[in-house]
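Q: Handing over protein.cif, mmCIF, C-alpha atoms.
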data_query
loop_
_atom_site.label_atom_id
_atom_site.label_comp_id
_atom_site.auth_asym_id
_atom_site.auth_seq_id
_atom_site.Cartn_x
_atom_site.Cartn_y
_atom_site.Cartn_z
CA MET A 1 0.00 0.00 0.00
CA SER A 2 1.46 3.33 -1.03
CA ARG A 3 1.98 6.01 1.55
CA SER A 4 -0.62 8.35 -0.08
CA VAL A 5 -3.31 5.63 -0.08
CA PHE A 6 -2.54 4.86 3.56
CA SER A 7 -2.83 8.57 4.45
CA LEU A 8 -6.17 8.80 2.65
CA LEU A 9 -7.53 5.83 4.61
CA VAL A 10 -6.40 7.41 7.89
CA VAL A 11 -8.15 10.66 6.96
CA ILE A 12 -11.38 8.77 6.06
CA LEU A 13 -11.25 6.84 9.34
CA LEU A 14 -10.74 10.03 11.33
CA LEU A 15 -13.63 11.77 9.55
CA THR A 16 -15.89 8.81 10.18
CA ALA A 17 -14.88 8.73 13.83
CA CYS A 18 -15.59 12.44 14.20
CA ALA A 19 -18.92 12.27 12.42
CA ALA A 20 -20.30 9.27 14.31
CA PRO A 21 -20.93 10.90 17.71
CA ALA A 22 -22.86 13.76 16.09
CA ALA A 23 -25.41 11.29 14.65
CA ALA A 24 -25.84 9.35 17.89
CA GLY A 25 -28.09 10.22 20.81
CA PRO A 26 -31.77 11.15 21.09
CA LYS A 27 -33.27 13.82 18.85
CA ILE A 28 -36.43 15.00 20.59
CA SER A 29 -39.15 17.23 19.19
CA VAL A 30 -42.67 17.88 20.52
CA GLU A 31 -45.66 18.37 18.22
CA ASN A 32 -49.38 19.19 18.31
CA ALA A 33 -49.52 20.52 21.86
CA TRP A 34 -52.81 21.74 23.35
CA ALA A 35 -54.42 22.18 26.75
CA ARG A 36 -57.97 22.13 28.04
CA PRO A 37 -59.77 25.31 29.16
CA ALA A 38 -60.41 25.66 32.87
CA ALA A 39 -62.22 28.19 35.04
CA VAL A 40 -60.48 29.00 38.30
CA GLY A 41 -62.99 31.54 39.53
CA SER A 42 -62.22 33.72 42.53
CA MET A 43 -60.26 31.12 44.49
CA SER A 44 -56.48 31.14 44.44
CA ALA A 45 -53.86 28.46 44.67
CA THR A 46 -52.45 27.63 48.06
CA PRO A 47 -48.88 26.62 48.86
CA ASP A 48 -48.05 22.99 49.33
CA THR A 49 -48.90 21.35 52.61
CA GLN A 50 -45.96 19.89 54.45
CA GLY A 51 -45.76 16.16 54.10
CA MET A 52 -48.17 16.08 51.21
CA SER A 53 -47.28 15.19 47.67
CA ASP A 54 -46.80 17.70 44.90
CA MET A 55 -50.53 17.39 44.26
CA SER A 56 -51.37 19.40 47.33
CA GLY A 57 -51.67 22.52 45.23
CA MET A 58 -55.03 21.33 43.98
CA SER A 59 -56.71 21.24 47.38
CA ALA A 60 -57.96 24.78 47.53
CA SER A 61 -57.05 26.14 44.14
CA GLY A 62 -59.68 26.73 41.48
CA THR A 63 -59.18 23.63 39.47
CA ASN A 64 -56.91 21.56 37.27
CA SER A 65 -56.33 21.12 33.55
CA ALA A 66 -54.51 18.74 31.24
CA ALA A 67 -52.14 19.21 28.33
CA TYR A 68 -51.48 16.86 25.44
CA PHE A 69 -48.84 16.55 22.71
CA VAL A 70 -46.74 14.06 20.77
CA ILE A 71 -43.09 13.51 21.69
CA VAL A 72 -41.05 12.37 18.68
CA ASN A 73 -37.56 10.94 18.94
CA ASN A 74 -35.78 10.85 15.58
CA GLY A 75 -32.46 9.96 17.20
CA ASP A 76 -30.58 6.68 17.53
CA GLU A 77 -30.87 6.59 21.29
CA ALA A 78 -33.82 6.51 23.68
CA ASP A 79 -34.46 9.34 26.10
CA THR A 80 -36.61 9.63 29.22
CA LEU A 81 -39.13 12.29 30.16
CA ILE A 82 -38.43 12.98 33.83
CA GLY A 83 -40.56 16.02 34.63
CA ALA A 84 -42.73 18.90 33.53
CA SER A 85 -43.30 22.42 34.80
CA SER A 86 -45.44 25.44 34.06
CA ASP A 87 -45.91 28.78 35.75
CA VAL A 88 -49.72 28.63 35.32
CA ALA A 89 -50.08 25.91 37.97
CA SER A 90 -48.92 25.20 41.50
CA ASN A 91 -47.70 21.82 40.35
CA THR A 92 -47.26 20.08 37.03
CA GLU A 93 -47.12 16.31 36.81
CA MET A 94 -47.23 13.52 34.24
CA HIS A 95 -50.23 11.24 34.67
CA GLU A 96 -51.95 8.40 32.89
CA THR A 97 -55.71 7.86 32.81
CA ARG A 98 -56.72 4.24 33.07
CA ILE A 99 -60.21 2.83 32.67
CA GLN A 100 -60.66 -0.62 34.16
CA ASN A 101 -63.99 -2.33 34.74
CA ASP A 102 -65.75 0.91 33.76
CA VAL A 103 -63.93 2.89 36.46
CA ALA A 104 -61.65 5.78 35.50
CA GLU A 105 -58.60 6.51 37.58
CA MET A 106 -55.44 8.55 37.24
CA VAL A 107 -51.97 7.28 37.97
CA PRO A 108 -48.86 9.50 38.39
CA ILE A 109 -46.08 8.64 35.93
CA PRO A 110 -42.69 9.77 37.34
CA ARG A 111 -40.66 8.72 34.24
CA LEU A 112 -41.54 7.84 30.70
CA ASP A 113 -39.19 6.32 28.12
CA ILE A 114 -39.19 7.80 24.62
CA PRO A 115 -37.77 5.08 22.33
CA ALA A 116 -35.20 5.74 19.61
CA HIS A 117 -36.88 6.35 16.26
CA GLY A 118 -40.22 6.28 18.02
CA GLN A 119 -42.84 8.52 19.56
CA VAL A 120 -45.10 8.70 22.59
CA GLU A 121 -48.48 10.36 22.37
CA PHE A 122 -50.03 12.27 25.26
CA LYS A 123 -53.73 12.17 24.48
CA PRO A 124 -57.18 12.20 26.14
CA GLN A 125 -57.86 9.00 28.11
CA GLY A 126 -54.13 8.28 28.16
CA TYR A 127 -50.93 10.06 29.14
CA HIS A 128 -51.30 13.75 29.94
CA VAL A 129 -49.51 16.54 31.73
CA MET A 130 -51.72 17.52 34.64
CA LEU A 131 -51.72 21.20 35.56
CA ILE A 132 -52.60 21.15 39.25
CA GLY A 133 -53.87 24.20 41.06
CA LEU A 134 -54.19 26.70 38.22
CA ASN A 135 -53.47 30.27 39.22
CA HIS A 136 -55.65 31.79 36.50
CA ASP A 137 -58.34 30.82 34.02
CA LEU A 138 -57.34 29.04 30.84
CA ASN A 139 -59.63 30.34 28.11
CA GLU A 140 -59.94 29.10 24.57
CA GLY A 141 -57.47 31.07 22.45
CA ASP A 142 -54.94 31.54 25.30
CA THR A 143 -51.42 30.19 25.02
CA LEU A 144 -49.43 28.87 27.97
CA LYS A 145 -45.88 27.61 28.34
CA ILE A 146 -44.98 24.13 29.53
CA SER A 147 -41.40 22.93 29.96
CA LEU A 148 -40.60 19.25 29.60
CA GLN A 149 -37.43 17.91 31.21
CA PHE A 150 -35.66 15.05 29.46
CA GLU A 151 -32.86 13.01 31.00
CA LYS A 152 -30.52 13.43 28.03
CA SER A 153 -31.98 16.20 25.89
CA GLY A 154 -32.48 18.71 28.69
CA THR A 155 -35.45 21.07 28.82
CA ILE A 156 -37.80 21.76 25.92
CA THR A 157 -40.32 24.57 26.37
CA LEU A 158 -43.60 24.45 24.46
CA ASP A 159 -46.13 27.09 23.49
CA VAL A 160 -49.42 25.36 24.23
CA PRO A 161 -52.69 26.74 22.81
CA VAL A 162 -55.85 26.30 24.89
CA ARG A 163 -58.84 24.70 23.17
CA GLN A 164 -61.62 22.21 23.71
CA GLY A 165 -61.08 18.68 22.44
CA ASN A 166 -62.06 15.06 22.97
CA MET B 1 -78.74 -40.87 2.87
CA SER B 2 -79.65 -39.67 -0.59
CA ARG B 3 -78.07 -36.63 -2.20
CA THR B 4 -81.45 -34.84 -2.28
CA LEU B 5 -81.86 -35.29 1.46
CA TRP B 6 -78.40 -33.80 2.09
CA MET B 7 -79.30 -30.83 -0.07
CA LYS B 8 -82.57 -30.29 1.83
CA LEU B 9 -80.70 -30.49 5.12
CA GLY B 10 -78.14 -27.95 3.86
CA VAL B 11 -80.83 -25.54 2.67
CA GLY B 12 -82.65 -25.94 5.99
CA LEU B 13 -79.51 -25.11 7.96
CA LEU B 14 -78.85 -22.10 5.72
CA ILE B 15 -82.37 -20.76 6.29
CA LEU B 16 -81.96 -21.31 10.04
CA ALA B 17 -78.69 -19.34 10.01
CA VAL B 18 -80.23 -16.45 8.06
CA VAL B 19 -83.28 -16.30 10.35
CA SER B 20 -81.02 -16.39 13.42
CA ALA B 21 -78.86 -13.57 12.06
CA LEU B 22 -81.91 -11.46 11.22
CA TYR B 23 -83.30 -12.03 14.71
CA GLN B 24 -80.03 -10.87 16.24
CA ILE B 25 -80.27 -7.64 14.23
CA ILE B 26 -83.98 -6.93 14.49
CA ALA B 27 -84.94 -8.19 17.95
CA PRO B 28 -83.01 -5.55 19.93
CA ARG B 29 -84.92 -2.87 18.03
CA LEU B 30 -88.32 -4.46 18.58
CA LEU B 31 -88.08 -5.65 22.17
CA PRO B 32 -88.55 -2.97 24.83
CA LEU B 33 -85.40 -1.78 26.59
CA PRO B 34 -85.07 -3.23 30.10
CA VAL B 35 -85.51 -1.17 33.26
CA ILE B 36 -82.05 -1.12 34.85
CA SER B 37 -82.74 1.10 37.85
CA THR B 38 -84.80 4.14 38.83
CA LEU B 39 -83.71 7.74 39.32
CA PRO B 40 -84.39 8.64 42.96
CA SER B 41 -86.41 11.74 43.87
CA VAL B 42 -83.53 13.59 45.49
CA THR B 43 -83.54 17.36 45.98
CA LEU B 44 -80.29 18.95 44.82
CA ILE B 45 -79.00 22.47 44.02
CA ASP B 46 -78.53 23.66 40.45
CA GLN B 47 -75.81 25.89 39.00
CA ASP B 48 -77.89 28.98 39.78
CA GLY B 49 -78.30 28.03 43.43
CA GLN B 50 -81.94 26.94 43.01
CA THR B 51 -83.32 23.69 44.42
CA PHE B 52 -83.91 21.03 41.81
CA ASN B 53 -85.66 17.75 42.61
CA LEU B 54 -84.87 15.00 40.16
CA SER B 55 -88.60 14.18 40.03
CA GLN B 56 -88.93 17.45 38.07
CA THR B 57 -87.52 15.57 35.11
CA ARG B 58 -90.50 13.19 34.99
CA GLY B 59 -92.22 13.52 31.65
CA LYS B 60 -88.92 14.05 29.85
CA VAL B 61 -86.24 11.73 28.59
CA VAL B 62 -83.11 12.35 30.68
CA VAL B 63 -79.46 12.05 29.70
CA LEU B 64 -77.52 11.90 32.97
CA SER B 65 -73.75 12.26 33.43
CA LEU B 66 -71.46 12.57 36.44
CA VAL B 67 -68.39 14.78 36.84
CA TYR B 68 -66.02 16.31 39.33
CA THR B 69 -64.61 19.58 38.10
CA HIS B 70 -61.04 18.95 39.31
CA CYS B 71 -60.95 16.01 36.88
CA PRO B 72 -58.73 17.15 34.00
CA ASP B 73 -59.15 14.32 31.53
CA ILE B 74 -62.20 12.02 31.65
CA CYS B 75 -64.91 14.41 32.89
CA PRO B 76 -64.20 17.13 30.28
CA ILE B 77 -64.45 14.48 27.56
CA THR B 78 -67.76 13.23 28.96
CA THR B 79 -69.07 16.79 29.20
CA SER B 80 -67.98 17.49 25.62
CA LYS B 81 -69.94 14.41 24.57
CA MET B 82 -72.96 15.75 26.47
CA LYS B 83 -72.58 19.04 24.62
CA GLN B 84 -72.53 17.16 21.31
CA ILE B 85 -75.65 15.28 22.39
CA GLN B 86 -77.33 18.57 23.32
CA ASP B 87 -76.52 20.02 19.89
CA ARG B 88 -77.84 16.90 18.15
CA ILE B 89 -81.02 16.95 20.23
CA HIS B 90 -81.52 20.59 19.31
CA ALA B 91 -80.98 19.83 15.62
CA ALA B 92 -83.56 17.02 15.86
CA GLY B 93 -86.12 19.35 17.45
CA LEU B 94 -86.22 17.31 20.67
CA ASP B 95 -85.26 20.11 23.08
CA LYS B 96 -88.61 20.06 24.88
CA GLN B 97 -88.57 16.28 25.26
CA VAL B 98 -85.02 15.72 26.48
CA GLN B 99 -83.40 17.07 29.66
CA LEU B 100 -79.65 16.83 30.21
CA VAL B 101 -78.51 16.45 33.82
CA THR B 102 -74.91 16.54 35.03
CA PHE B 103 -74.26 16.01 38.73
CA THR B 104 -71.05 16.22 40.71
CA VAL B 105 -69.65 13.31 42.70
CA ASP B 106 -67.46 15.82 44.57
CA PRO B 107 -70.05 18.13 46.19
CA GLU B 108 -67.65 19.52 48.81
CA ARG B 109 -65.57 21.30 46.19
CA ASP B 110 -68.13 21.60 43.39
CA THR B 111 -70.48 24.28 44.67
CA SER B 112 -73.17 25.87 42.51
CA GLU B 113 -70.74 28.67 41.63
CA VAL B 114 -68.09 26.19 40.52
CA LEU B 115 -70.63 24.30 38.41
CA LYS B 116 -71.82 27.57 36.87
CA ARG B 117 -68.28 28.25 35.65
CA TYR B 118 -67.99 24.67 34.44
CA GLU B 119 -71.21 25.08 32.46
CA GLY B 120 -69.72 28.16 30.80
CA LEU B 121 -66.56 26.32 29.75
CA PHE B 122 -68.61 23.95 27.63
CA HIS B 123 -71.06 26.55 26.29
CA ALA B 124 -73.89 24.43 27.68
CA ASP B 125 -77.39 25.73 26.90
CA PRO B 126 -79.10 25.92 30.32
CA SER B 127 -82.58 25.73 28.78
CA ASN B 128 -82.41 21.92 28.92
CA TRP B 129 -79.15 21.17 30.75
CA VAL B 130 -78.82 21.44 34.51
CA PHE B 131 -75.63 21.02 36.60
CA LEU B 132 -76.35 19.74 40.12
CA SER B 133 -74.59 19.67 43.45
CA GLY B 134 -75.94 18.98 46.93
CA THR B 135 -74.99 17.57 50.30
CA SER B 136 -72.80 14.49 50.50
CA ASP B 137 -75.82 12.54 51.75
CA GLN B 138 -78.02 13.63 48.83
CA ILE B 139 -75.32 12.89 46.27
CA GLY B 140 -74.66 9.62 48.10
CA ILE B 141 -78.26 8.50 47.51
CA LEU B 142 -77.87 9.12 43.79
CA ILE B 143 -74.57 7.29 43.68
CA LYS B 144 -76.08 4.30 45.49
CA GLU B 145 -79.27 4.10 43.43
CA LEU B 146 -77.35 4.27 40.15
CA GLY B 147 -74.83 1.69 41.36
CA LEU B 148 -71.83 3.95 40.81
CA TYR B 149 -68.29 3.42 42.02
CA VAL B 150 -66.91 6.65 43.52
CA GLU B 151 -63.80 6.72 45.65
CA ARG B 152 -61.54 9.55 46.73
CA VAL B 153 -57.86 8.85 46.32
CA TYR B 154 -55.44 10.90 48.41
CA TYR B 155 -51.82 11.44 47.46
CA LEU B 156 -49.40 11.04 50.34
CA ASN B 157 -45.78 11.54 49.28
CA ASP B 158 -46.69 10.78 45.67
CA THR B 159 -48.40 7.54 46.63
CA PRO B 160 -52.11 7.19 45.85
CA VAL B 161 -54.00 6.07 48.96
CA PRO B 162 -57.73 5.19 48.81
CA GLU B 163 -59.84 7.00 51.39
CA ALA B 164 -60.58 3.78 53.26
CA GLU B 165 -56.85 3.21 53.83
CA LEU B 166 -55.93 6.68 55.09
CA PRO B 167 -53.87 6.54 58.30
CA GLN B 168 -55.70 9.60 59.70
CA PRO B 169 -58.65 11.87 58.86
CA ALA B 170 -58.21 13.70 55.59
CA ALA B 171 -59.28 17.29 56.28
CA ASP B 172 -57.68 19.72 53.82
CA THR B 173 -55.83 16.90 52.11
CA PRO B 174 -55.79 16.98 48.30
CA TYR B 175 -57.49 14.20 46.41
CA LEU B 176 -58.65 12.94 43.07
CA VAL B 177 -61.77 10.84 42.56
CA ASN B 178 -61.86 7.45 40.89
CA HIS B 179 -65.32 7.03 39.42
CA THR B 180 -67.57 5.09 37.08
CA ASP B 181 -67.30 6.29 33.49
CA ARG B 182 -70.88 6.00 32.23
CA LEU B 183 -73.88 7.96 30.91
CA PHE B 184 -77.44 7.06 31.86
CA LEU B 185 -80.40 7.27 29.47
CA ILE B 186 -83.65 7.56 31.39
CA ASP B 187 -87.27 7.41 30.24
CA ARG B 188 -90.14 9.76 31.07
CA ASN B 189 -91.01 7.74 34.18
CA GLY B 190 -87.54 8.06 35.68
CA ASN B 191 -86.45 4.55 34.74
CA VAL B 192 -82.90 4.01 33.55
CA ARG B 193 -83.38 2.15 30.27
CA ALA B 194 -79.85 2.14 28.85
CA THR B 195 -76.32 3.29 29.58
CA GLU B 196 -73.44 4.48 27.43
CA PRO B 197 -69.73 4.29 28.28
CA GLY B 198 -69.24 7.85 29.52
CA SER B 199 -66.21 9.50 27.96
CA ARG B 200 -66.06 6.67 25.41
CA THR B 201 -69.64 7.18 24.24
CA ASN B 202 -70.33 7.09 20.53
CA VAL B 203 -72.64 10.09 20.13
CA ASP B 204 -74.40 8.60 17.08
CA ASP B 205 -75.26 5.46 19.05
CA ALA B 206 -76.43 7.48 22.06
CA ILE B 207 -78.72 9.62 19.90
CA LYS B 208 -80.34 6.51 18.41
CA VAL B 209 -81.10 5.14 21.88
CA ILE B 210 -82.37 8.53 23.10
CA GLN B 211 -84.73 8.72 20.13
CA ARG B 212 -85.88 5.18 20.79
CA ILE B 213 -86.61 5.96 24.44
CA ALA B 214 -88.40 9.14 23.36
CA GLN B 215 -90.64 7.08 21.07
CA ASP B 216 -91.25 4.33 23.65
CA GLN B 217 -94.59 4.84 25.36
CA SER B 218 -94.41 1.66 27.44
CA GLY B 219 -92.40 3.19 30.27
CA GLY B 220 -90.65 -0.12 30.58
CA LYS B 221 -93.84 -2.02 31.45
#
Show me, as C-alpha cells, the structure contained in the file I just sent.

A:
Amino acid sequence: MSRSVFSLLVVILLLTACAAPAAAGPKISVENAWARPAAVGSMSATPDTQGMSDMSGMSASGTNSAAYFVIVNNGDEADTLIGASSDVASNTEMHETRIQNDVAEMVPIPRLDIPAHGQVEFKPQGYHVMLIGLNHDLNEGDTLKISLQFEKSGTITLDVPVRQGN
Amino acid sequence: MSRTLWMKLGVGLLILAVVSALYQIIAPRLLPLPVISTLPSVTLIDQDGQTFNLSQTRGKVVVLSLVYTHCPDICPITTSKMKQIQDRIHAAGLDKQVQLVTFTVDPERDTSEVLKRYEGLFHADPSNWVFLSGTSDQIGILIKELGLYVERVYYLNDTPVPEAELPQPAADTPYLVNHTDRLFLIDRNGNVRATEPGSRTNVDDAIKVIQRIAQDQSGGK
C-alpha cells in the first residue's frame, strides 16, 4: 500500500470517527400541543402542605387542567421524560388515565421512556400533563408555556394553545 | 342418505342461520329496553343556586352524566360528549322532550358557583341542561341508586392512597376521585333504560337510543 493511499484511509477513518458521535443520541421534538380550558374563579392556589405530595396545590385552588402533545424521537438513542413544569399551575405532573372495569382513575407517571426512532403520544384517556392548582383561568385562544425535562436532551419549552377537544 | 336429502338439510340449515342472524339484528330494536334502575327523587341544588328535585324531570327523557370539576381528563371528555348530544337533540327538534342532567360526585368542592363556571366552559345551553350539586348525603343516595363506584384517592408523598386506607382523617388533604365512566339514558317515568360508556360514548349510538326511548310509550312495562 502506497503512503498516499494509507494517508487517505487514515483521513477517512478520522472523519468517520468524528462524524459518528454527532449522529448518535436522542433527537427530541414535541408536536401538536394543546391544553384544556379551565375556570379557576375567585379562588387562588395555596402553597403545598408539608408532608403532602406535589398534588397538594389542587386542594384549595380553582381547578386543574390537562395538556397533550406528541413527543417524537428521531435519534438513535432513547431518552426519558423525567418532569414537567409550568408557571400557570402550583404543580405540574405527568399522569396516565386508566379505565378498568368501567372505572376511570389517574396514575402518576414519574418517568416515561421515549424510544429511539419512536414517539409517545399524550392524548385524552391516556398520558397527559396535569396542571394542578391553576393560578388563573385558561380560556380558549390563550397560550401557555410548559417545559418538559428530558434526561438526556435537557429542557424543551412548548407554546401550548388552549382549546376544547375530545 | 340420498343426495337430495343432504341438499334439503343444507338448505334448511342455511335458512336457520339467516333467520337467526336477522333475529339478532332486528330483535333488539323491537323488544322494549329493560328497566335497569330508577332515578331517585332527590332534591339537589342547580348551577344557579336553586333547588332542583330529580322528580322534576319526569315527563322528559333524561341524559344523565357525572363529573367532578377537578378532573382534568375524563370528565371534560364526557361533558364534551354531552354538549354534542345537546346540539344533536336541538338539531332534531327534541329540546322540549329531552333534559340533560350533570351532577357532581365531589359536592364539597363543586359548589353551585363552581358548576356555573364549568357550564360556561362547555357553552352548555341551560334551557335543557342542569348542573347539580348537593350535600354528601343527597349525592350519596344518587350514587347508590345508580350503582356507581366513587372513591376519593389521596396522594401522600406521591403515593395514591384510597380513602378507606388513610392513616388519619383527611381534612384539607388533596385528592382525586376514581369514578364510574358511564352515561345514563332515562325514560319519562324516571327509569334508567340504557347506559353508554361515559367518555367513550359514541354520540351517534347514544342519539339513536335517546330517540328510541323518546318514542317508547311503554315506560318499561

Q: Here is a test: counting only C-alpha atoms, which residue of A:Asp102, A:Asp79, A:Asp87, A:Glu96 is nearest to chain B?

A: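 Closest to chain B, using only C-alpha atoms: A:Asp102.
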
Q: Within 7 Å of chain A, which residues of chain B are there when counting only C-alpha atoms? Please give them as a list in words.

A: Thr69, His70, Cys71, Pro72, Asp73, Ile74, Ile77, Ser80, Arg117, Tyr118, Leu121, Tyr155, Leu156, Asn157, Asp158, Asp172, Thr173, Pro174, Asn178, His179, Thr180 and Asp181 of chain B

Q: Quick check, in Å to one decimal: how far apart do atom CA of Ile114 of chain A and atom CA of Ser86 of chain A lie?

A: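 Here the two named atoms are 21.0 Å from each other.
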
Q: One decimal, in Å: what's the spacing between atom CA of Gly141 of chain A and atom CA of Lys83 of chain B?

A: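 Between atom CA of Gly141 of chain A and atom CA of Lys83 of chain B the gap is 19.4 Å.
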
Q: Could you spell out the hits of the PyMOL selection byres ((chain A and resi 118) around 7) on the shown file, as a list in words?

A: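 Answer for the PyMOL selection byres ((chain A and resi 118) around 7): Val72, Asn73, Asn74, Ile114, Pro115, Ala116, His117 and Gln119 of chain A.
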